[in-house]
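entry07.pdb follows (PDB, C-alpha atoms):
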MODEL        1
ATOM      1  CA  MET Y   1     180.722  25.932  63.783
ATOM      2  CA  ARG Y   2     180.154  22.448  62.417
ATOM      3  CA  PHE Y   3     181.337  19.511  64.537
ATOM      4  CA  ALA Y   4     181.499  15.836  63.571
ATOM      5  CA  LEU Y   5     181.397  13.416  66.511
ATOM      6  CA  PHE Y   6     182.718   9.856  66.595
ATOM      7  CA  GLY Y   7     182.804   7.765  69.747
ATOM      8  CA  ASN Y   8     183.483   4.502  71.508
ATOM      9  CA  THR Y   9     180.427   2.262  71.332
ATOM     10  CA  ARG Y  10     181.605  -0.138  74.053
ATOM     11  CA  LEU Y  11     181.805   2.065  77.147
ATOM     12  CA  SER Y  12     178.326   2.182  78.675
ATOM     13  CA  ASN Y  13     179.259   4.066  81.851
ATOM     14  CA  ASN Y  14     178.230   7.565  82.918
ATOM     15  CA  HIS Y  15     177.551   9.935  79.995
ATOM     16  CA  ASP Y  16     176.910  13.177  81.891
ATOM     17  CA  ASN Y  17     179.914  14.798  80.193
ATOM     18  CA  GLU Y  18     178.513  14.073  76.733
ATOM     19  CA  LEU Y  19     175.134  15.482  77.717
ATOM     20  CA  SER Y  20     176.734  18.716  78.900
ATOM     21  CA  LEU Y  21     178.764  18.850  75.674
ATOM     22  CA  PHE Y  22     175.630  18.580  73.524
ATOM     23  CA  ALA Y  23     174.034  21.324  75.620
ATOM     24  CA  LEU Y  24     177.085  23.503  74.975
ATOM     25  CA  PHE Y  25     176.834  22.922  71.224
ATOM     26  CA  LYS Y  26     173.199  23.966  71.330
ATOM     27  CA  LYS Y  27     174.080  27.082  73.320
ATOM     28  CA  PHE Y  28     176.642  28.133  70.705
ATOM     29  CA  GLY Y  29     174.248  27.387  67.836
ATOM     30  CA  ASP Y  30     176.607  24.797  66.328
ATOM     31  CA  GLU Y  31     175.828  22.111  63.791
ATOM     32  CA  VAL Y  32     176.466  18.661  65.262
ATOM     33  CA  LEU Y  33     176.878  15.582  63.071
ATOM     34  CA  ILE Y  34     177.069  12.217  64.874
ATOM     35  CA  GLU Y  35     178.425   9.021  63.362
ATOM     36  CA  GLU Y  36     175.568   6.547  62.966
ATOM     37  CA  SER Y  37     176.773   3.706  65.218
ATOM     38  CA  TYR Y  38     177.762   6.175  67.950
ATOM     39  CA  LEU Y  39     174.340   7.835  67.707
ATOM     40  CA  ASN Y  40     172.622   4.450  68.108
ATOM     41  CA  PHE Y  41     174.835   3.713  71.112
ATOM     42  CA  LEU Y  42     174.020   7.043  72.783
ATOM     43  CA  THR Y  43     170.307   6.631  72.078
ATOM     44  CA  GLU Y  44     170.349   3.247  73.824
ATOM     45  CA  ASN Y  45     172.395   4.410  76.826
ATOM     46  CA  LEU Y  46     171.106   7.917  77.515
ATOM     47  CA  ASP Y  47     167.749   8.369  79.186
ATOM     48  CA  LYS Y  48     167.520  11.980  78.042
ATOM     49  CA  GLN Y  49     167.206  13.606  74.642
ATOM     50  CA  PHE Y  50     170.323  15.319  73.327
ATOM     51  CA  PHE Y  51     171.030  17.893  70.660
ATOM     52  CA  TYR Y  52     172.323  17.017  67.174
ATOM     53  CA  THR Y  53     171.575  18.157  63.639
ATOM     54  CA  GLY Y  54     172.667  15.302  61.356
ATOM     55  CA  VAL Y  55     173.941  11.737  61.017
ATOM     56  CA  ILE Y  56     177.179  10.492  59.413
ATOM     57  CA  THR Y  57     176.598   7.226  57.562
ATOM     58  CA  ASP Y  58     179.758   7.024  55.421
ATOM     59  CA  ASN Y  59     183.071   8.808  54.857
ATOM     60  CA  ASN Y  60     181.494  11.527  52.734
ATOM     61  CA  PHE Y  61     181.152  14.249  55.357
ATOM     62  CA  SER Y  62     182.559  17.698  56.068
ATOM     63  CA  ALA Y  63     183.067  19.653  59.280
ATOM     64  CA  ASP Y  64     185.164  22.382  60.870
ATOM     65  CA  VAL Y  65     186.319  20.052  63.655
ATOM     66  CA  VAL Y  66     186.116  16.289  64.207
ATOM     67  CA  ILE Y  67     185.859  15.144  67.837
ATOM     68  CA  SER Y  68     186.744  11.594  68.857
ATOM     69  CA  ILE Y  69     185.314  10.506  72.230
ATOM     70  CA  GLY Y  70     186.937   7.354  73.594
ATOM     71  CA  GLY Y  71     190.513   6.112  73.767
ATOM     72  CA  ASP Y  72     193.386   6.036  71.304
ATOM     73  CA  GLY Y  73     191.778   3.113  69.451
ATOM     74  CA  THR Y  74     188.676   5.207  68.820
ATOM     75  CA  PHE Y  75     190.885   8.098  67.692
ATOM     76  CA  LEU Y  76     192.707   5.860  65.188
ATOM     77  CA  ARG Y  77     189.421   4.566  63.756
ATOM     78  CA  THR Y  78     188.170   8.141  63.486
ATOM     79  CA  ALA Y  79     191.397   9.249  61.781
ATOM     80  CA  GLU Y  80     190.827   6.535  59.183
ATOM     81  CA  ARG Y  81     187.376   8.002  58.467
ATOM     82  CA  VAL Y  82     188.824  11.520  58.197
ATOM     83  CA  GLY Y  83     191.568  10.349  55.829
ATOM     84  CA  SER Y  84     192.974  13.085  53.609
ATOM     85  CA  LYS Y  85     190.154  15.591  54.273
ATOM     86  CA  GLY Y  86     192.444  17.733  56.437
ATOM     87  CA  ILE Y  87     189.723  18.361  59.059
ATOM     88  CA  PRO Y  88     191.312  19.172  62.449
ATOM     89  CA  MET Y  89     190.784  16.412  65.036
ATOM     90  CA  LEU Y  90     190.345  16.663  68.798
ATOM     91  CA  GLY Y  91     190.606  13.587  71.034
ATOM     92  CA  ILE Y  92     188.558  13.311  74.250
ATOM     93  CA  ASN Y  93     189.813  10.542  76.521
ATOM     94  CA  THR Y  94     187.191   8.316  78.142
ATOM     95  CA  GLY Y  95     189.465   5.271  77.852
ATOM     96  CA  ARG Y  96     192.652   4.395  79.712
ATOM     97  CA  LEU Y  97     196.090   5.863  78.887
ATOM     98  CA  GLY Y  98     195.376   8.162  75.953
ATOM     99  CA  PHE Y  99     198.260   9.816  74.086
ATOM    100  CA  LEU Y 100     196.156  10.823  71.064
ATOM    101  CA  ALA Y 101     192.889  11.266  72.941
ATOM    102  CA  ASP Y 102     194.467  13.190  75.787
ATOM    103  CA  ILE Y 103     191.821  15.756  76.728
ATOM    104  CA  SER Y 104     190.108  14.424  79.846
ATOM    105  CA  ALA Y 105     186.344  13.932  79.796
ATOM    106  CA  ASN Y 106     186.034  16.531  82.554
ATOM    107  CA  ASP Y 107     187.801  19.109  80.353
ATOM    108  CA  MET Y 108     185.893  18.523  77.103
ATOM    109  CA  ASN Y 109     183.565  21.516  77.522
ATOM    110  CA  GLN Y 110     186.479  23.809  78.274
ATOM    111  CA  ALA Y 111     188.311  22.518  75.188
ATOM    112  CA  VAL Y 112     185.309  23.239  72.947
ATOM    113  CA  MET Y 113     185.001  26.737  74.405
ATOM    114  CA  LEU Y 114     188.686  27.376  73.667
ATOM    115  CA  ILE Y 115     188.099  26.247  70.077
ATOM    116  CA  HIS Y 116     185.207  28.699  69.744
ATOM    117  CA  ASN Y 117     187.454  31.455  71.092
ATOM    118  CA  GLY Y 118     190.280  30.568  68.716
ATOM    119  CA  ASN Y 119     192.601  29.529  71.547
ATOM    120  CA  TYR Y 120     194.101  26.453  69.939
ATOM    121  CA  ASN Y 121     197.048  25.251  67.891
ATOM    122  CA  LEU Y 122     197.246  22.817  64.984
ATOM    123  CA  GLU Y 123     199.856  20.063  64.953
ATOM    124  CA  LYS Y 124     200.774  18.322  61.711
ATOM    125  CA  ARG Y 125     201.203  14.566  62.149
ATOM    126  CA  SER Y 126     202.748  12.408  59.444
ATOM    127  CA  LEU Y 127     201.267   9.073  58.381
ATOM    128  CA  LEU Y 128     202.640   5.949  56.728
ATOM    129  CA  LYS Y 129     201.379   4.270  53.573
ATOM    130  CA  ILE Y 130     201.638   0.555  52.828
ATOM    131  CA  GLU Y 131     201.781  -0.838  49.302
ATOM    132  CA  ILE Y 132     200.849  -4.518  49.165
ATOM    133  CA  LYS Y 133     198.863  -6.511  46.607
ATOM    134  CA  SER Y 134     196.791  -8.459  49.129
ATOM    135  CA  LEU Y 135     195.413  -5.434  51.011
ATOM    136  CA  PRO Y 136     191.842  -6.514  51.893
ATOM    137  CA  LYS Y 137     188.946  -4.642  50.353
ATOM    138  CA  GLY Y 138     187.862  -1.791  52.590
ATOM    139  CA  PHE Y 139     191.227  -1.540  54.381
ATOM    140  CA  SER Y 140     192.827   1.886  54.396
ATOM    141  CA  PRO Y 141     196.535   1.717  53.439
ATOM    142  CA  TYR Y 142     197.364   4.612  55.792
ATOM    143  CA  ALA Y 143     198.600   4.421  59.391
ATOM    144  CA  LEU Y 144     198.875   7.223  61.925
ATOM    145  CA  ASN Y 145     200.687   5.028  64.483
ATOM    146  CA  ASP Y 146     202.385   2.074  62.847
ATOM    147  CA  ILE Y 147     202.510  -0.693  60.276
ATOM    148  CA  SER Y 148     203.732  -4.016  61.670
ATOM    149  CA  VAL Y 149     204.609  -7.421  60.261
ATOM    150  CA  LEU Y 150     204.277 -10.217  62.806
ATOM    151  CA  LYS Y 151     204.474 -13.983  63.047
ATOM    152  CA  HIS Y 152     201.264 -15.944  63.496
ATOM    153  CA  ASP Y 153     200.509 -16.822  67.116
ATOM    154  CA  ILE Y 154     202.142 -20.255  67.329
ATOM    155  CA  SER Y 155     204.661 -20.078  64.491
ATOM    156  CA  SER Y 156     208.445 -19.746  64.773
ATOM    157  CA  MET Y 157     210.165 -16.397  64.334
ATOM    158  CA  ILE Y 158     210.094 -14.902  60.866
ATOM    159  CA  SER Y 159     212.842 -13.595  58.604
ATOM    160  CA  ILE Y 160     212.321 -10.004  57.447
ATOM    161  CA  LYS Y 161     214.669  -8.917  54.672
ATOM    162  CA  THR Y 162     214.707  -5.121  54.877
ATOM    163  CA  THR Y 163     215.969  -2.630  52.299
ATOM    164  CA  VAL Y 164     215.895   1.172  52.449
ATOM    165  CA  ASP Y 165     215.707   3.063  49.132
ATOM    166  CA  GLY Y 166     216.785  -0.148  47.430
ATOM    167  CA  LYS Y 167     219.903  -0.591  49.594
ATOM    168  CA  PRO Y 168     220.182  -3.637  51.905
ATOM    169  CA  LEU Y 169     219.775  -2.779  55.584
ATOM    170  CA  ILE Y 170     219.335  -5.992  57.587
ATOM    171  CA  THR Y 171     217.494  -9.280  57.662
ATOM    172  CA  TYR Y 172     215.657  -9.320  60.975
ATOM    173  CA  LEU Y 173     215.176 -12.692  62.654
ATOM    174  CA  ALA Y 174     212.408 -11.828  65.088
ATOM    175  CA  ASP Y 175     208.780 -12.221  66.059
ATOM    176  CA  GLY Y 176     208.065  -9.157  63.962
ATOM    177  CA  LEU Y 177     208.936  -5.591  63.006
ATOM    178  CA  VAL Y 178     207.122  -2.360  63.883
ATOM    179  CA  VAL Y 179     207.463   0.530  61.425
ATOM    180  CA  ALA Y 180     206.195   3.564  63.321
ATOM    181  CA  THR Y 181     205.629   7.281  62.936
ATOM    182  CA  PRO Y 182     206.727   9.656  65.719
ATOM    183  CA  THR Y 183     203.073   9.660  66.822
ATOM    184  CA  GLY Y 184     203.225   5.862  67.058
ATOM    185  CA  SER Y 185     206.390   5.931  69.163
ATOM    186  CA  THR Y 186     204.166   5.985  72.275
ATOM    187  CA  ALA Y 187     202.126   2.995  71.083
ATOM    188  CA  TYR Y 188     203.121  -0.574  70.114
ATOM    189  CA  SER Y 189     206.700   0.440  69.339
ATOM    190  CA  LEU Y 190     207.158   1.688  72.902
ATOM    191  CA  SER Y 191     205.865  -1.595  74.348
ATOM    192  CA  VAL Y 192     208.519  -3.589  72.442
ATOM    193  CA  GLY Y 193     211.424  -1.321  73.409
ATOM    194  CA  GLY Y 194     211.340   1.496  70.875
ATOM    195  CA  PRO Y 195     212.343   5.081  71.737
ATOM    196  CA  LEU Y 196     210.009   7.970  72.482
ATOM    197  CA  ILE Y 197     210.099  10.524  69.659
ATOM    198  CA  ASP Y 198     208.917  14.120  69.532
ATOM    199  CA  PRO Y 199     205.797  13.962  67.286
ATOM    200  CA  GLY Y 200     206.963  16.926  65.224
ATOM    201  CA  THR Y 201     210.089  15.082  64.066
ATOM    202  CA  ASN Y 202     210.229  13.980  60.408
ATOM    203  CA  VAL Y 203     211.368  10.395  60.949
ATOM    204  CA  ILE Y 204     210.301   6.757  60.672
ATOM    205  CA  GLU Y 205     211.137   4.294  63.422
ATOM    206  CA  LEU Y 206     211.992   0.594  62.912
ATOM    207  CA  THR Y 207     211.585  -1.484  66.078
ATOM    208  CA  PRO Y 208     212.095  -5.278  65.964
ATOM    209  CA  VAL Y 209     209.834  -7.458  68.116
ATOM    210  CA  ALA Y 210     211.850  -9.955  70.214
ATOM    211  CA  PRO Y 211     214.871 -10.084  67.855
ATOM    212  CA  HIS Y 212     217.029 -13.230  67.871
ATOM    213  CA  SER Y 213     220.194 -11.137  68.350
ATOM    214  CA  LEU Y 214     220.582  -8.653  71.205
ATOM    215  CA  THR Y 215     222.770  -6.462  68.968
ATOM    216  CA  VAL Y 216     219.753  -5.658  66.792
ATOM    217  CA  ARG Y 217     218.357  -2.382  68.117
ATOM    218  CA  PRO Y 218     215.629   0.098  67.104
ATOM    219  CA  LEU Y 219     216.592   2.360  64.202
ATOM    220  CA  VAL Y 220     215.364   5.848  63.287
ATOM    221  CA  LEU Y 221     215.341   6.964  59.624
ATOM    222  CA  GLN Y 222     214.378  10.125  57.773
ATOM    223  CA  ASN Y 223     210.746   9.845  56.708
ATOM    224  CA  ASN Y 224     211.520  10.390  53.023
ATOM    225  CA  LYS Y 225     212.895   6.849  52.848
ATOM    226  CA  ARG Y 226     211.155   3.937  51.136
ATOM    227  CA  ILE Y 227     211.254   0.717  53.117
ATOM    228  CA  THR Y 228     210.840  -2.667  51.410
ATOM    229  CA  LEU Y 229     210.155  -5.857  53.359
ATOM    230  CA  ASN Y 230     210.322  -9.471  52.159
ATOM    231  CA  ILE Y 231     209.265 -12.071  54.706
ATOM    232  CA  GLU Y 232     210.049 -15.763  55.021
ATOM    233  CA  SER Y 233     208.169 -17.947  57.497
ATOM    234  CA  ARG Y 234     208.044 -21.655  58.323
ATOM    235  CA  SER Y 235     204.280 -21.404  58.278
ATOM    236  CA  LYS Y 236     204.475 -19.719  54.832
ATOM    237  CA  ASN Y 237     202.371 -16.803  56.072
ATOM    238  CA  PHE Y 238     202.485 -13.859  58.464
ATOM    239  CA  LEU Y 239     200.338 -11.050  59.815
ATOM    240  CA  VAL Y 240     200.252  -7.425  58.696
ATOM    241  CA  SER Y 241     198.817  -4.866  61.116
ATOM    242  CA  ILE Y 242     197.870  -1.308  60.098
ATOM    243  CA  ASP Y 243     197.099   0.699  63.240
ATOM    244  CA  GLY Y 244     195.850  -2.492  64.883
ATOM    245  CA  ARG Y 245     193.783  -3.729  61.932
ATOM    246  CA  SER Y 246     195.391  -7.010  60.881
ATOM    247  CA  PHE Y 247     195.189  -9.483  58.026
ATOM    248  CA  SER Y 248     197.107 -12.570  56.930
ATOM    249  CA  CYS Y 249     199.575 -12.600  54.011
ATOM    250  CA  GLN Y 250     201.499 -15.263  52.146
ATOM    251  CA  GLU Y 251     205.280 -15.067  52.405
ATOM    252  CA  GLU Y 252     205.826 -14.277  48.702
ATOM    253  CA  GLU Y 253     204.248 -10.841  49.236
ATOM    254  CA  THR Y 254     206.528  -7.794  48.946
ATOM    255  CA  ILE Y 255     205.670  -4.894  51.235
ATOM    256  CA  ASN Y 256     206.623  -1.287  50.550
ATOM    257  CA  ILE Y 257     206.195   1.360  53.245
ATOM    258  CA  CYS Y 258     206.665   5.104  52.751
ATOM    259  CA  ARG Y 259     205.446   8.444  54.023
ATOM    260  CA  ALA Y 260     201.801   9.149  53.164
ATOM    261  CA  PRO Y 261     201.096  11.999  50.713
ATOM    262  CA  PHE Y 262     199.065  13.932  53.327
ATOM    263  CA  GLN Y 263     199.207  14.758  57.038
ATOM    264  CA  LEU Y 264     196.694  14.715  59.866
ATOM    265  CA  ASN Y 265     195.751  17.977  61.571
ATOM    266  CA  LEU Y 266     195.652  17.460  65.328
ATOM    267  CA  LEU Y 267     193.912  20.199  67.285
ATOM    268  CA  ARG Y 268     195.412  21.182  70.646
ATOM    269  CA  PRO Y 269     194.074  23.788  73.099
ATOM    270  CA  SER Y 270     196.582  26.579  73.750
ATOM    271  CA  GLY Y 271     199.080  25.620  76.418
ATOM    272  CA  TYR Y 272     199.287  21.947  75.413
ATOM    273  CA  ASP Y 273     202.766  20.494  75.853
ATOM    274  CA  PHE Y 274     203.834  17.010  74.646
ATOM    275  CA  PHE Y 275     206.472  16.678  77.346
ATOM    276  CA  SER Y 276     203.961  17.529  80.044
ATOM    277  CA  THR Y 277     201.733  14.783  78.638
ATOM    278  CA  LEU Y 278     204.641  12.344  78.800
ATOM    279  CA  ARG Y 279     205.345  13.222  82.421
ATOM    280  CA  ASP Y 280     201.676  12.745  83.275
ATOM    281  CA  LYS Y 281     201.008   9.535  81.329
ATOM    282  CA  MET Y 282     204.339   7.867  82.153
ATOM    283  CA  LYS Y 283     204.205   8.968  85.810
ATOM    284  CA  TRP Y 284     207.730  10.395  85.579
ATOM    285  CA  GLY Y 285     208.879  11.566  88.980
ATOM    286  CA  ALA Y 286     205.861  10.084  90.741
ATOM    287  CA  ASP Y 287     206.313   7.945  93.847
ATOM    288  CA  CYS Y 288     204.314   4.826  92.963
ATOM    289  CA  ARG Y 289     204.398   3.743  96.616
ATOM    290  CA  ILE Y 290     201.946   6.506  97.501
TER     291      ILE Y 290
ENDMDL
END

Let's see the structure in the file written out as structure tokens.
Amino acid sequence: MRFALFGNTRLSNNHDNELSLFALFKKFGDEVLIEESYLNFLTENLDKQFFYTGVITDNNFSADVVISIGGDGTFLRTAERVGSKGIPMLGINTGRLGFLADISANDMNQAVMLIHNGNYNLEKRSLLKIEIKSLPKGFSPYALNDISVLKHDISSMISIKTTVDGKPLITYLADGLVVATPTGSTAYSLSVGGPLIDPGTNVIELTPVAPHSLTVRPLVLQNNKRITLNIESRSKNFLVSIDGRSFSCQEEETINICRAPFQLNLLRPSGYDFFSTLRDKMKWGADCRI
């Protein structure tokens, strides 16, 4: 098989798990492509040679499976590189919480062996697409988690006139608005009071950030809707964030958000269960006093 590896280049702790993974690839006779910056990082931090067969220097690559080693941030950056290629992705968690990268570092070898044995499932995850004139060069318009509009750090709340399929919905007076996929319901949207959503559900979630009125609540829409946002701000500008990558916009910008024309293939070892992951990550039923 051909594997493409992307990884976190900030964590310089123990890398014994990666070394054993490379040894496993060699044992199976796999091709192993490593993203250039991750390869440089491993070369600097590992005192042993490791097995690989090629280097990824741009987004023009192909593989049977893409493996992201890090946290959810690393997974999102890797998903941007994969784009519409349709290559199945596996997330190995060497970060903190990890809803996307949820295979523990200790289980990475077992996960790769299950892949070789065909014991895995593919999950289709929807993405969002933003349409905005001032999208910076090199920015992908696609988001696996969320697209957010936010006030600048010290500015007053912003006004977000929101329409759905051309019909008026609401004008949010808030610090911002998070437009999230079901996958993103466990990310920023959750931290500002949004609901948890089964990732297989075909919906889009609108979660206001610190709304002026307590009657303004999160809203879930079918994901075939087209959402249009017009923002007014005392500072005459605001922030747009696409899966955590942000840039500044002027208030005359119109933003359109819709479902992306492709989906991401998420690879799960057989037996994976989203609700089990929720119980584990959210510590449901655990006695925190222990």

Item checked: Target residues per the PyMOL selection byres ((chain Y and resi 240) around 9), formatted as a VMD selection string -> chain Y and resid 147 to 151 238 to 239 241 to 242 245 to 249

Note to self: Measuring between only C-alpha atoms, which one of Y:Ala180, Y:Ala143, Y:Leu266, Y:Ile130 shows the shortest distance to Glu80 in chain Y?
What the structure shows: Y:Ala143

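Among the candidates Y:Glu18, Y:Asp280, Y:Asp287, Y:Glu131, the residue lying nearest to Leu229 in chain Y is Y:Glu131 (atoms considered: all atoms listed in the file).
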
Item checked: Among the residues Y:Leu221, Y:Ile227, Y:Leu127, Y:Leu39, the one that comes closest to Pro168 in chain Y [using only C-alpha atoms] -> Y:Ile227

Notebook entry, point to check: Just how far from CA of Gly138 in chain Y is CA of Thr183 in chain Y, in Å to one decimal?
Noted result: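 Separation between CA of Thr183 in chain Y and CA of Gly138 in chain Y: 23.8 Å.
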
Note to self: What would the selection look like, as a VMD selection string, if the PyMOL selection byres ((chain Y and resi 157) around 7) were run on the coordinates I just shared?
What the structure shows: chain Y and resid 151 155 to 156 158 to 159 173 to 175

Notebook entry, point to check: Near range 216-218 of chain Y, counting all atoms listed in the file, which residues have an atom at most 6 Å away, once you skip same-chain residues fewer than 5 positions from it, shown as a VMD selection string?
Noted result: chain Y and resid 194 206 to 207

Any chance you could export the current selection's C-alpha atoms as a PDB file, in the coordinates of the input?
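Listing of out-v3.pdb after writing:
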ATOM      1  CA  GLY Y 194     211.340   1.496  70.875  1.00  0.00           C
ATOM      2  CA  LEU Y 206     211.992   0.594  62.912  1.00  0.00           C
ATOM      3  CA  THR Y 207     211.585  -1.484  66.078  1.00  0.00           C
TER       4      THR Y 207
END

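Here CA of Arg234 in chain Y is placed at a distance of 20.1 Å from CA of Val178 in chain Y.
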
Check: Near range 61-67 of chain Y, within 7 Å and counting all atoms listed in the file, which residues show up once chain neighbours fewer than 4 positions away are dropped, as a ChimeraX atom specification?
Finding: /Y:1-6,56,87-91

Checklist line | Residue members of the PyMOL selection byres ((chain Y and resi 7) around 8) in the file shown, as an MDAnalysis selection string | finding: chainID Y and resid 5:6 8:9 35 38 68:70 74
